[in-house]
Amino acid sequence: MVAALAATPYILHESVRTGNMGVQFFVYAPAILSLGFVAWAVITRDLPDRLRRATMVATILLACGGFALFRNDGLSGEGVPDFTWRWAET
């Protein structure tokens with residue numbers, strides 16, 4: 001998981017990578033990873049250990065890599081970040 005967290009900023013859109021003084025990804029990633037782990041644990045509880053480990057790696061990669069699909073268009077007046085698809089028109 002540490003390797004995925006360390007490697008993900010290299011594939012992020014510049015607005016997410018540098019947002020909030022460079023810590024935006026690291027602020028939002030724990031919440032997404034936690035939700036992913038809970039879903040993973042519930043879905044794979046009856047699977048064999050080997051398959052569970054493989055799906056755990058896939059869950060970590062999907063949770064971290066999913067951030068590469070978005071960019072940050074700034075904050076709203078209430079301080080809520082405005083995320084849009086990375087390839088959407090500006």
# chains A, B, ... in the order shown; residues from 1 in each chain; ligands from 1

$ select_by_dssp --residues "chain A" --states "helix (DSSP H, G or I)" --output "count of residues only"
58

$ residues_around --residues "Thr55 of chain A" --least-positions-apart "6" --cutoff "12 Å" --atoms "only C-alpha atoms" --output "list of chain:residue names"
A:Gly36, A:Phe37, A:Ala39, A:Trp40, A:Ala41, A:Ile43, A:Thr44, A:Arg45, A:Leu47, A:Pro48, A:Asp49, A:Leu61, A:Leu62

$ atom_distance --atom1 "atom CA of Leu75 of chain A" --atom2 "atom CA of Pro9 of chain A"
20.3 Å

$ residues_around --residues "Thr84 of chain A" --least-positions-apart "6" --cutoff "8 Å" --atoms "only C-alpha atoms" --output "PyMOL selection string"
chain A and resi 70-73

$ write_last_selection --atoms "C-alpha atoms" --output "short mmCIF file (atom, residue, chain, number, x, y, z; two decimals), in the first residue's frame"
data_model
loop_
_atom_site.label_atom_id
_atom_site.label_comp_id
_atom_site.auth_asym_id
_atom_site.auth_seq_id
_atom_site.Cartn_x
_atom_site.Cartn_y
_atom_site.Cartn_z
CA PHE A 70 -10.10 13.34 -11.92
CA ARG A 71 -8.81 16.87 -11.82
CA ASN A 72 -9.51 19.65 -9.35
CA ASP A 73 -11.15 22.80 -10.68
#

$ residues_around --residues "Ala29 of chain A" --least-positions-apart "2" --cutoff "9 Å" --atoms "only C-alpha atoms" --output "list in words"
Leu5, Gln24, Phe25, Phe26, Val27, Ala31, Ile32, Leu33, Ser34, Ala63, Cys64 and Phe67 of chain A

$ write_last_selection --atoms "C-alpha atoms" --output "PDB file, in the first residue's frame"
ATOM      1  CA  LEU A   5       0.603   5.704  -2.334  1.00  0.00           C
ATOM      2  CA  GLN A  24      -4.510  16.875  -1.582  1.00  0.00           C
ATOM      3  CA  PHE A  25      -4.086  13.267  -2.679  1.00  0.00           C
ATOM      4  CA  PHE A  26      -2.704  12.258   0.712  1.00  0.00           C
ATOM      5  CA  VAL A  27      -5.642  13.929   2.476  1.00  0.00           C
ATOM      6  CA  ALA A  31     -10.842   7.795   3.211  1.00  0.00           C
ATOM      7  CA  ILE A  32     -11.122   6.145  -0.209  1.00  0.00           C
ATOM      8  CA  LEU A  33      -8.729   3.346   0.769  1.00  0.00           C
ATOM      9  CA  SER A  34     -10.686   2.711   3.983  1.00  0.00           C
ATOM     10  CA  ALA A  63      -8.435   2.997  -5.084  1.00  0.00           C
ATOM     11  CA  CYS A  64      -5.163   4.833  -5.700  1.00  0.00           C
ATOM     12  CA  PHE A  67      -7.578   9.448  -8.488  1.00  0.00           C
TER      13      PHE A  67
END

$ select_by_dssp --residues "chain A" --states "strand (DSSP E or B)" --output "PyMOL selection string"
chain A and resi 70-75+81-85

$ write_last_selection --atoms "C-alpha atoms" --output "compact mmCIF listing (two decimals), in the first residue's frame"
# COMPACT_ATOMS: atom_id res chain seq x y z
CA PHE A 70 -10.10 13.34 -11.92
CA ARG A 71 -8.81 16.87 -11.82
CA ASN A 72 -9.51 19.65 -9.35
CA ASP A 73 -11.15 22.80 -10.68
CA GLY A 74 -10.75 24.67 -7.40
CA LEU A 75 -12.99 25.16 -4.39
CA PRO A 81 -13.42 20.85 -3.82
CA ASP A 82 -14.78 20.80 -7.36
CA PHE A 83 -13.61 17.55 -8.94
CA THR A 84 -14.33 16.88 -12.62
CA TRP A 85 -13.33 14.20 -15.08
